[in-house]
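Asks: First the structure, then my questions, so here it is.
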Amino acid sequence: MYKYIFRRIAMMIPVMIGVTFLVFFIINLTPGDAASMILGDGATEESIRALREEMGLNDPVIVQYGRYMTNLLKGDLGTSYSTGKTVVGEIGQRFPNTFKLTISAIIISIIISIPIGIISATKQYSIFDSVGMIFALVGVSMPSFWTGLILIIAFSLNFRWFPSGGMDGLKSLVLPAFTLAIASTASITRTTRSSMLEVVRQDYINTAKAKGVSKNIVIRKHALKNALIPAITVIGLEFGILLGGAVLTETVFSWPGIGRLMVESIQRKDTPMVLGCIIVFALSFSIVNLIIDILYAYIDPRIRANYR
Amino acid sequence: MNDYLLDIENLQVQYVTDDGTVSAVNGIDIKLQKGKTLGLVGETGAGKTTTAMSILRLVPHPPGKIIGGTIRLDDTDIFNISEKEMERMRGNIVSMIFQDPMTALNPVITVGDQIAEAIMIHQKLNQEKANKKAEEMLELVGIPGNRRNDYPHQFSGGMKQRVIIAIALSCSPKLLIADEPTTALDVTIQAQVLELMKELKTKYEMSMILITHDLGVVAEVCDDVAIMYAGRIVEKGSLQDIFLTTKHPYTEGLFNSIPNIDNRKAELKPIKGLMSDPYNLPTGCSFADRCDYVMPICREKSPQKIFFSENHYTECHLYATDIDFKLGRHQE
Amino acid sequence: MLDKSKKRSQSADVWRRLRKSKAAIAGLILIAIFILVALFAPLLADYNEQAIKINVKERFQPPSQDHLFGTDEFGRDIFARIVYGTRISLFVGVISVSIALSIGGFLGAIAGYYGGRLDNAIMRVLDVLLAIPTILLAITIVAALGASIVNLMIAVGISNIPGFARVVRASVLSVKDQEFIEAAKAIGAKDHTIILKHVLPNSMAPIIVFSTLKVATAIMATSSLSFIGLGIKPPTPEWGGMLAGGRNYIRDHMYIVMYPGMAIVLAVLSLNLIGDGLRDALDPKLK
């Protein structure tokens, strides 16, 4: 098992290097010159040239990338063009907020979706199943930024139960977390249901029933563990979508996380900050996938066996 | 109290799907005495597995539905008991071995736990004692007991089938239903598994229903044989009856489809055509379109049972007028 | 000859099953309406006069006979803007999926067909792309290239390449070793002939389903990017952009965000319904 985890981490390293390279390269396509942007409109051509030289912007991209990576390994992601603060400091301050938001959302999704998915599958074609599946389908079709606005209209402006934005205690977390959770709840429900339906058709379910195992235990013990394997994959993928969704949800609810930081930085053409945000997003996503793969191995002995 | 462990009367099962209704089992009768083995023979789609699943009351519903008949198992009318009571019979009174050992074991549970589960349910043993018993069962089917903690993917096909047999026999059931237990296995392994089943059957004094399309296997293991076609039992009798005084043209067709080792020059004579569309069974005899002996009446009326002895009957119009009619096979 | 008639009856079969699904039919009708609206937009509203012209006197008109869905903060007719927004959403959705399908499909097909080192190299590169959540990748690309309709399609297209590559690869792998491919190889058919004539047509089913569902997510991505100001720039009417503009006025004029949002939901929902229906119709055993 440790060998498996170790290998999985080792596999992550080249991917993360690839990510930094790719993103660094893309961001460098940005038109406009960083030096003139930092110095503002009044700057002389002389001073811009000097700053370009000082920042190494005249070097080939690959050299700049090398420098960036060297600094990155030292824990330095550069300095914001617009605020002058360090990127690491700013992201470090905002990351816990995004973490709080996405973790609450994924927990809400899992708590709601797995039981509904199971019940829907065991009562296929029932009213519960049909209604549940209609909700799930509408759920995956709703853009989070719109859902957010609707929830604000309903629960903040109308009922005044929750604040419409900002971060101030648990109450302010409710709307953004649910907004973010809706789409993934819907999609995990659908996956759980369909993988459950797939699993209950398997021969080993008949074997279990033929042994005299009661219906409930067949579902809980024999079917669920197998059905969770695809469900966990989707939870991992959904986490990626959640991170993307965080950008929108944070914008709607003025939530001070790295999603909103990234959007603001893009608007200010604050390249180091944008780069830092993307790398942190990608790293979080990779870590989530690592956890998912470990869970996999924990549930499925066939995967475990490959790494013994 | 009667002498039969299993008594099926006029069983009818349908599958209702979007595309229509399939009559999988159309009124069959099976009586099985304690300690005897019945071979249930027929091609794919004849209703053999559905019959077996009906005995366990595990016909998937929807789309499957038992629409008529009774099944008495160990003096219990199983269509008249609660699900809880039925659960107490499954694995305890009647067990089933499924066709494909590669898929019949739960991939995420150790084989030991899968065997112990039935023991814990029916014999109310604690985990530790059940584990011990599971180990004994593994040894019994020829697998070292210390492999109890292994997962199914660590076993070969033949070994898996042994594990499945161990599960089925763990509570010494009175009836074992084996659905093509050797079809998915290599020929050499087939023989071993069959041998093991025969041996254990005698040891536990079980009755057995062996579902197969392999007449060789039937000759090896069975006392009685029932030939199924399109949801009906078209001929039933003792092994000798079926093999030596074949009555139904379909049974004859099955025999003619097997290569004859003693007479290599003999031509194979496969049954022509395909089984009739199960969504739309013809009136009269379902086999009429494929039958070499077909008569006008075959397409009008369903044939009735005609008995040649107390135990041997067929459903064929050929014998309605002439009970001594001889099929071609025996005239050559 | 035989092959053709078999294929026809197969697609007839799929259509017959698809027709039985009420959900899929609802989806088809909905998307047909959207397509008609996009095609005949000029018959429904005047682009210059109603959709983009600022008309201060007409600001914040609630829905009425004159303005079916009301007017926005610049006095523009929301119905007219939704109508023209349909064109953009469908267009960007279909084009970006086409980009992703052609590049991702090509990569997936050769990776799956040739396997080995080529497969490995392609998949490792795609792993890098997959490590960045799709929408974030699209945001990064638009941020670098600048916000425009073309860049938006490129960004959404590229960010979907890995998904398509994976689906096509998987389905090529599942057909590749089947006997008719062996047979084609045995009679000396060239690789590209085999891929184009035998492998791809037989691995179409999952690709069609995936594409349908991806047009839905592409429409969603387009409006998401516009919502955060990285997609279609105002005054060009785009559903997500309309929400961005209207969100400051929801306290008193909630209809401003109501209708454009519903347009997104219905468009995405219709494609999801069709995608689901197609999947069930193409793979009846799962039903």
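Following the order of the structure tokens, first chain is A, next is B, and so on, with residues numbered from 1 inside each chain and ligands from 1 in the order they appear.
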Please provide as number ranges by chain all residues within 9 Å of Ile26 of chain A, with the sequence filter that same-chain residues fewer than 5 positions apart are discarded (counting only C-alpha atoms).
Replies: A: 21; C: 140-141, 144-145
Asks: Output all heavy atoms for every residue in the selection just made, as a PDB file, in the first residue's frame.
Replies:
ATOM      1  N   PHE A  21       4.828  24.454 -16.678  1.00  0.00           N
ATOM      2  CA  PHE A  21       5.379  24.859 -17.977  1.00  0.00           C
ATOM      3  C   PHE A  21       4.281  25.351 -18.912  1.00  0.00           C
ATOM      4  O   PHE A  21       4.365  26.422 -19.503  1.00  0.00           O
ATOM      5  CB  PHE A  21       6.143  23.692 -18.607  1.00  0.00           C
ATOM      6  CG  PHE A  21       6.760  24.051 -19.919  1.00  0.00           C
ATOM      7  CD1 PHE A  21       7.917  24.822 -19.970  1.00  0.00           C
ATOM      8  CD2 PHE A  21       6.172  23.657 -21.108  1.00  0.00           C
ATOM      9  CE1 PHE A  21       8.480  25.174 -21.192  1.00  0.00           C
ATOM     10  CE2 PHE A  21       6.733  24.008 -22.332  1.00  0.00           C
ATOM     11  CZ  PHE A  21       7.892  24.771 -22.369  1.00  0.00           C
TER      12      PHE A  21
ATOM     13  N   THR C 140      -7.674  30.551 -18.263  1.00  0.00           N
ATOM     14  CA  THR C 140      -6.274  30.911 -18.476  1.00  0.00           C
ATOM     15  C   THR C 140      -6.012  31.270 -19.938  1.00  0.00           C
ATOM     16  O   THR C 140      -5.344  32.260 -20.241  1.00  0.00           O
ATOM     17  CB  THR C 140      -5.357  29.723 -18.102  1.00  0.00           C
ATOM     18  OG1 THR C 140      -5.807  29.181 -16.866  1.00  0.00           O
ATOM     19  CG2 THR C 140      -3.922  30.167 -17.967  1.00  0.00           C
ATOM     20  N   ILE C 141      -6.561  30.434 -20.842  1.00  0.00           N
ATOM     21  CA  ILE C 141      -6.301  30.680 -22.254  1.00  0.00           C
ATOM     22  C   ILE C 141      -6.921  32.007 -22.708  1.00  0.00           C
ATOM     23  O   ILE C 141      -6.277  32.819 -23.368  1.00  0.00           O
ATOM     24  CB  ILE C 141      -6.833  29.506 -23.119  1.00  0.00           C
ATOM     25  CG1 ILE C 141      -6.072  28.230 -22.754  1.00  0.00           C
ATOM     26  CG2 ILE C 141      -6.666  29.802 -24.608  1.00  0.00           C
ATOM     27  CD1 ILE C 141      -6.629  26.971 -23.387  1.00  0.00           C
ATOM     28  N   ALA C 144      -4.994  34.938 -21.486  1.00  0.00           N
ATOM     29  CA  ALA C 144      -3.768  35.197 -22.231  1.00  0.00           C
ATOM     30  C   ALA C 144      -4.065  35.757 -23.619  1.00  0.00           C
ATOM     31  O   ALA C 144      -3.414  36.701 -24.064  1.00  0.00           O
ATOM     32  CB  ALA C 144      -2.946  33.916 -22.346  1.00  0.00           C
ATOM     33  N   LEU C 145      -5.051  35.177 -24.300  1.00  0.00           N
ATOM     34  CA  LEU C 145      -5.309  35.585 -25.682  1.00  0.00           C
ATOM     35  C   LEU C 145      -6.147  36.850 -25.779  1.00  0.00           C
ATOM     36  O   LEU C 145      -6.145  37.524 -26.798  1.00  0.00           O
ATOM     37  CB  LEU C 145      -6.017  34.458 -26.448  1.00  0.00           C
ATOM     38  CG  LEU C 145      -5.284  33.123 -26.549  1.00  0.00           C
ATOM     39  CD1 LEU C 145      -6.106  32.130 -27.338  1.00  0.00           C
ATOM     40  CD2 LEU C 145      -3.921  33.321 -27.199  1.00  0.00           C
TER      41      LEU C 145
END
Asks: Against chain A, which residues of chain B fall within 10 Å? For each one I want the closest pair of atoms and the distance in Å (one decimal), counting only C-alpha atoms, rows by chain and increasing residue number, as CSV.
Replies:
residue,atom,partner,partner_atom,distance
B:Met53,CA,A:Ala210,CA,9.1
B:Leu56,CA,A:Ala210,CA,6.9
B:Arg57,CA,A:Ala210,CA,9.3
B:Leu58,CA,A:Lys209,CA,7.9
B:Val59,CA,A:Asn206,CA,9.9
B:Pro60,CA,A:Arg201,CA,9.1
B:Pro62,CA,A:Gln124,CA,9.4
B:Glu83,CA,A:Ser214,CA,8.7
B:Lys84,CA,A:Ser214,CA,7.7
B:Glu85,CA,A:Gly212,CA,9.7
B:Met86,CA,A:Gly212,CA,7.8
B:Glu87,CA,A:Gly212,CA,4.5
B:Arg88,CA,A:Gly212,CA,6.0
B:Met89,CA,A:Gly212,CA,6.9
B:Arg90,CA,A:Gly212,CA,4.4
B:Gly91,CA,A:Lys211,CA,4.0
B:Asn92,CA,A:Lys211,CA,7.4
B:Ile93,CA,A:Gly212,CA,9.9
B:Val94,CA,A:Ala210,CA,8.2
B:Ser95,CA,A:Ala210,CA,6.2
B:Met96,CA,A:Ala210,CA,6.3
B:Ile97,CA,A:Thr207,CA,7.6
B:Phe98,CA,A:Thr207,CA,7.3
B:Gln99,CA,A:Asp203,CA,8.8
B:Asp100,CA,A:Asp203,CA,8.0
B:Pro101,CA,A:Asp203,CA,8.9
B:Met102,CA,A:Asp203,CA,9.2
B:Thr103,CA,A:Asp203,CA,5.7
B:Ala104,CA,A:Tyr204,CA,4.2
B:Leu105,CA,A:Tyr204,CA,4.9
B:Asn106,CA,A:Tyr204,CA,5.2
B:Pro107,CA,A:Pro301,CA,7.6
B:Val108,CA,A:Asp300,CA,5.7
B:Ile109,CA,A:His222,CA,8.1
B:Thr110,CA,A:Pro301,CA,9.1
B:Gln114,CA,A:Ala208,CA,8.3
B:Ile115,CA,A:Lys211,CA,9.1
B:Glu117,CA,A:Val213,CA,8.0
B:Ala118,CA,A:Lys211,CA,5.5
B:Ile119,CA,A:Lys211,CA,9.0
B:Ile121,CA,A:Val213,CA,7.3
B:His122,CA,A:Gly212,CA,8.0
B:Asp150,CA,A:Pro301,CA,9.3
B:Tyr151,CA,A:Pro301,CA,7.0
B:Pro152,CA,A:Arg302,CA,9.0
B:His153,CA,A:Arg302,CA,6.7
B:Gln154,CA,A:Arg302,CA,8.6
B:Ile164,CA,A:Thr207,CA,8.5
B:Ile167,CA,A:Lys211,CA,7.7
B:Ala168,CA,A:Lys211,CA,7.1
B:Leu169,CA,A:Lys211,CA,9.8
B:Ser170,CA,A:Lys211,CA,9.4
B:Cys171,CA,A:Lys211,CA,9.2
Asks: Excluding Trp161 of chain A and any residue of its chain fewer than 3 positions from it, enumerate the residues within 10 Å of it, using only C-alpha atoms, and give them as a list in words.
Replies: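 Selected residues are Ile152, Ala154, Phe155, Ser156, Leu157, Asn158, Ser164, Lys171, Ser172, Val174 and Leu175 of chain A.
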Asks: Counting only C-alpha atoms, a student should be able to say which residues of chain A come within 9 Å of chain C; what is the right answer, written as a VMD selection string?
Replies: chain A and resid 14 to 19 22 to 23 26 to 31 137 to 138 140 to 147 149 to 150 152 to 153 157 to 158 194 197 to 198 237 239 to 245 247 to 248 251 to 252 263 266 to 267 269 274 to 275 278 to 279 281 to 283 285 to 286
Asks: For a quick test of understanding: name the residues of chain B lying within 12 Å of chain C when counting only C-alpha atoms, and present them as a PyMOL selection string.
Replies: chain B and resi 17-19+62-63
Asks: Can you list, as a list in words, all residues belonging to segment 79-275 of chain B that DSSP tags as strand (DSSP E or B)?
Replies: Arg90, Val94, Ser95, Met96, Ile97, Leu175, Leu176, Ile177, Ala178, Asp179, Ser207, Met208, Ile209, Leu210, Ile211, Thr212, Asp224, Val225, Ala226, Ile227, Met228, Tyr229, Arg232, Ile233, Val234, Glu235, Lys236, Gly237 and Ser238 of chain B
Asks: Any chance you can output those residues with N, CA, C and O atoms as an mmCIF file, in the first residue's frame?
Replies:
data_model
loop_
_atom_site.group_PDB
_atom_site.id
_atom_site.type_symbol
_atom_site.label_atom_id
_atom_site.label_comp_id
_atom_site.auth_asym_id
_atom_site.auth_seq_id
_atom_site.Cartn_x
_atom_site.Cartn_y
_atom_site.Cartn_z
ATOM 1 N N ARG B 90 -33.141 -19.901 1.245
ATOM 2 C CA ARG B 90 -32.051 -19.744 0.285
ATOM 3 C C ARG B 90 -30.710 -19.979 0.975
ATOM 4 O O ARG B 90 -30.435 -19.389 2.006
ATOM 5 N N VAL B 94 -32.039 -24.663 -0.227
ATOM 6 C CA VAL B 94 -31.684 -24.714 -1.641
ATOM 7 C C VAL B 94 -30.548 -23.732 -1.931
ATOM 8 O O VAL B 94 -30.541 -22.621 -1.436
ATOM 9 N N SER B 95 -29.579 -24.209 -2.699
ATOM 10 C CA SER B 95 -28.455 -23.349 -3.077
ATOM 11 C C SER B 95 -28.307 -23.365 -4.579
ATOM 12 O O SER B 95 -28.756 -24.279 -5.245
ATOM 13 N N MET B 96 -27.636 -22.343 -5.095
ATOM 14 C CA MET B 96 -27.466 -22.313 -6.539
ATOM 15 C C MET B 96 -26.041 -21.953 -6.910
ATOM 16 O O MET B 96 -25.410 -21.125 -6.264
ATOM 17 N N ILE B 97 -25.566 -22.631 -7.935
ATOM 18 C CA ILE B 97 -24.251 -22.322 -8.496
ATOM 19 C C ILE B 97 -24.480 -21.678 -9.846
ATOM 20 O O ILE B 97 -25.151 -22.247 -10.699
ATOM 21 N N LEU B 175 -31.190 -29.221 -1.623
ATOM 22 C CA LEU B 175 -31.236 -29.164 -3.084
ATOM 23 C C LEU B 175 -30.164 -28.206 -3.589
ATOM 24 O O LEU B 175 -30.040 -27.083 -3.105
ATOM 25 N N LEU B 176 -29.395 -28.694 -4.559
ATOM 26 C CA LEU B 176 -28.395 -27.841 -5.182
ATOM 27 C C LEU B 176 -28.782 -27.649 -6.641
ATOM 28 O O LEU B 176 -29.016 -28.618 -7.364
ATOM 29 N N ILE B 177 -28.879 -26.386 -7.068
ATOM 30 C CA ILE B 177 -29.143 -26.123 -8.479
ATOM 31 C C ILE B 177 -27.840 -25.631 -9.091
ATOM 32 O O ILE B 177 -27.251 -24.672 -8.606
ATOM 33 N N ALA B 178 -27.383 -26.321 -10.112
ATOM 34 C CA ALA B 178 -26.135 -25.919 -10.752
ATOM 35 C C ALA B 178 -26.445 -25.506 -12.181
ATOM 36 O O ALA B 178 -26.861 -26.316 -12.992
ATOM 37 N N ASP B 179 -26.269 -24.211 -12.462
ATOM 38 C CA ASP B 179 -26.597 -23.693 -13.782
ATOM 39 C C ASP B 179 -25.342 -23.695 -14.652
ATOM 40 O O ASP B 179 -24.490 -22.834 -14.520
ATOM 41 N N SER B 207 -30.175 -33.548 -3.281
ATOM 42 C CA SER B 207 -30.763 -33.645 -4.606
ATOM 43 C C SER B 207 -30.092 -32.563 -5.438
ATOM 44 O O SER B 207 -29.578 -31.586 -4.889
ATOM 45 N N MET B 208 -30.128 -32.752 -6.748
ATOM 46 C CA MET B 208 -29.459 -31.758 -7.574
ATOM 47 C C MET B 208 -30.222 -31.555 -8.873
ATOM 48 O O MET B 208 -30.763 -32.493 -9.440
ATOM 49 N N ILE B 209 -30.279 -30.291 -9.299
ATOM 50 C CA ILE B 209 -30.757 -30.016 -10.652
ATOM 51 C C ILE B 209 -29.566 -29.480 -11.423
ATOM 52 O O ILE B 209 -28.938 -28.499 -11.008
ATOM 53 N N LEU B 210 -29.209 -30.163 -12.481
ATOM 54 C CA LEU B 210 -28.057 -29.746 -13.256
ATOM 55 C C LEU B 210 -28.544 -29.188 -14.583
ATOM 56 O O LEU B 210 -29.123 -29.900 -15.399
ATOM 57 N N ILE B 211 -28.330 -27.888 -14.754
ATOM 58 C CA ILE B 211 -28.755 -27.260 -15.998
ATOM 59 C C ILE B 211 -27.587 -27.298 -16.973
ATOM 60 O O ILE B 211 -26.466 -26.940 -16.606
ATOM 61 N N THR B 212 -27.821 -27.763 -18.171
ATOM 62 C CA THR B 212 -26.712 -27.872 -19.112
ATOM 63 C C THR B 212 -27.255 -27.992 -20.524
ATOM 64 O O THR B 212 -28.441 -28.213 -20.739
ATOM 65 N N ASP B 224 -32.303 -38.521 -13.821
ATOM 66 C CA ASP B 224 -33.422 -38.200 -14.691
ATOM 67 C C ASP B 224 -33.030 -37.048 -15.608
ATOM 68 O O ASP B 224 -32.138 -36.267 -15.272
ATOM 69 N N VAL B 225 -33.741 -36.966 -16.725
ATOM 70 C CA VAL B 225 -33.447 -35.888 -17.656
ATOM 71 C C VAL B 225 -34.754 -35.236 -18.101
ATOM 72 O O VAL B 225 -35.724 -35.934 -18.382
ATOM 73 N N ALA B 226 -34.757 -33.899 -18.146
ATOM 74 C CA ALA B 226 -35.895 -33.179 -18.719
ATOM 75 C C ALA B 226 -35.354 -32.329 -19.855
ATOM 76 O O ALA B 226 -34.394 -31.601 -19.681
ATOM 77 N N ILE B 227 -35.981 -32.467 -21.029
ATOM 78 C CA ILE B 227 -35.536 -31.680 -22.179
ATOM 79 C C ILE B 227 -36.468 -30.484 -22.308
ATOM 80 O O ILE B 227 -37.681 -30.628 -22.399
ATOM 81 N N MET B 228 -35.892 -29.276 -22.297
ATOM 82 C CA MET B 228 -36.720 -28.073 -22.377
ATOM 83 C C MET B 228 -36.610 -27.441 -23.743
ATOM 84 O O MET B 228 -35.532 -27.388 -24.337
ATOM 85 N N TYR B 229 -37.743 -26.970 -24.240
ATOM 86 C CA TYR B 229 -37.731 -26.230 -25.498
ATOM 87 C C TYR B 229 -38.785 -25.133 -25.434
ATOM 88 O O TYR B 229 -39.952 -25.413 -25.145
ATOM 89 N N ARG B 232 -41.163 -25.093 -22.469
ATOM 90 C CA ARG B 232 -41.900 -26.314 -22.133
ATOM 91 C C ARG B 232 -40.916 -27.452 -21.895
ATOM 92 O O ARG B 232 -39.824 -27.457 -22.471
ATOM 93 N N ILE B 233 -41.335 -28.421 -21.083
ATOM 94 C CA ILE B 233 -40.561 -29.648 -21.026
ATOM 95 C C ILE B 233 -41.145 -30.565 -22.095
ATOM 96 O O ILE B 233 -42.295 -30.987 -21.999
ATOM 97 N N VAL B 234 -40.373 -30.827 -23.162
ATOM 98 C CA VAL B 234 -40.929 -31.573 -24.290
ATOM 99 C C VAL B 234 -40.746 -33.082 -24.110
ATOM 100 O O VAL B 234 -41.447 -33.877 -24.703
ATOM 101 N N GLU B 235 -39.783 -33.458 -23.285
ATOM 102 C CA GLU B 235 -39.623 -34.879 -22.996
ATOM 103 C C GLU B 235 -38.954 -35.033 -21.656
ATOM 104 O O GLU B 235 -38.039 -34.282 -21.307
ATOM 105 N N LYS B 236 -39.428 -36.009 -20.878
ATOM 106 C CA LYS B 236 -38.802 -36.223 -19.583
ATOM 107 C C LYS B 236 -38.798 -37.717 -19.301
ATOM 108 O O LYS B 236 -39.748 -38.436 -19.632
ATOM 109 N N GLY B 237 -37.701 -38.169 -18.721
ATOM 110 C CA GLY B 237 -37.621 -39.581 -18.389
ATOM 111 C C GLY B 237 -36.343 -39.883 -17.659
ATOM 112 O O GLY B 237 -35.578 -38.961 -17.329
ATOM 113 N N SER B 238 -36.103 -41.141 -17.395
ATOM 114 C CA SER B 238 -34.843 -41.513 -16.756
ATOM 115 C C SER B 238 -33.740 -41.370 -17.798
ATOM 116 O O SER B 238 -34.002 -41.214 -18.992
#
Asks: Determine which residues of segment 81-260 of chain B DSSP labels as helix (DSSP H, G or I) from the backbone of this structure, then write them out as number ranges by chain.
Replies: B: 83-89, 111-123, 127-140, 145-149, 152-154, 157-169, 187-204, 215-221, 239-244, 249-256
Asks: I want to know what sits within 10 Å of Leu282 of chain C, based on only C-alpha atoms, with residues of the same chain fewer than 5 positions away left out; could you give that as a ChimeraX atom specification?
Replies: /C:10-11,13-15,17-18,205-206,208-209,276-277
Asks: Residues near Thr102 of chain A, anyone? I mean within 9 Å using only C-alpha atoms, not counting same-chain ones fewer than 2 positions away, as a VMD selection string.
Replies: chain A and resid 97 to 100 104 to 107 177 180 to 181 239 242 to 243 246
Asks: Give me, as JSON, numbers by chain, all polymer residues having an atom no more than 12 Å from Pro234 of chain C, counting only C-alpha atoms and skipping those fewer than 3 positions away in the same chain.
Replies: {"C": [51, 52, 53, 54, 74, 76, 81, 85, 147, 148, 149, 226, 227, 228, 229, 230, 231, 237, 238, 239, 240, 241, 242, 243, 244, 245, 246]}
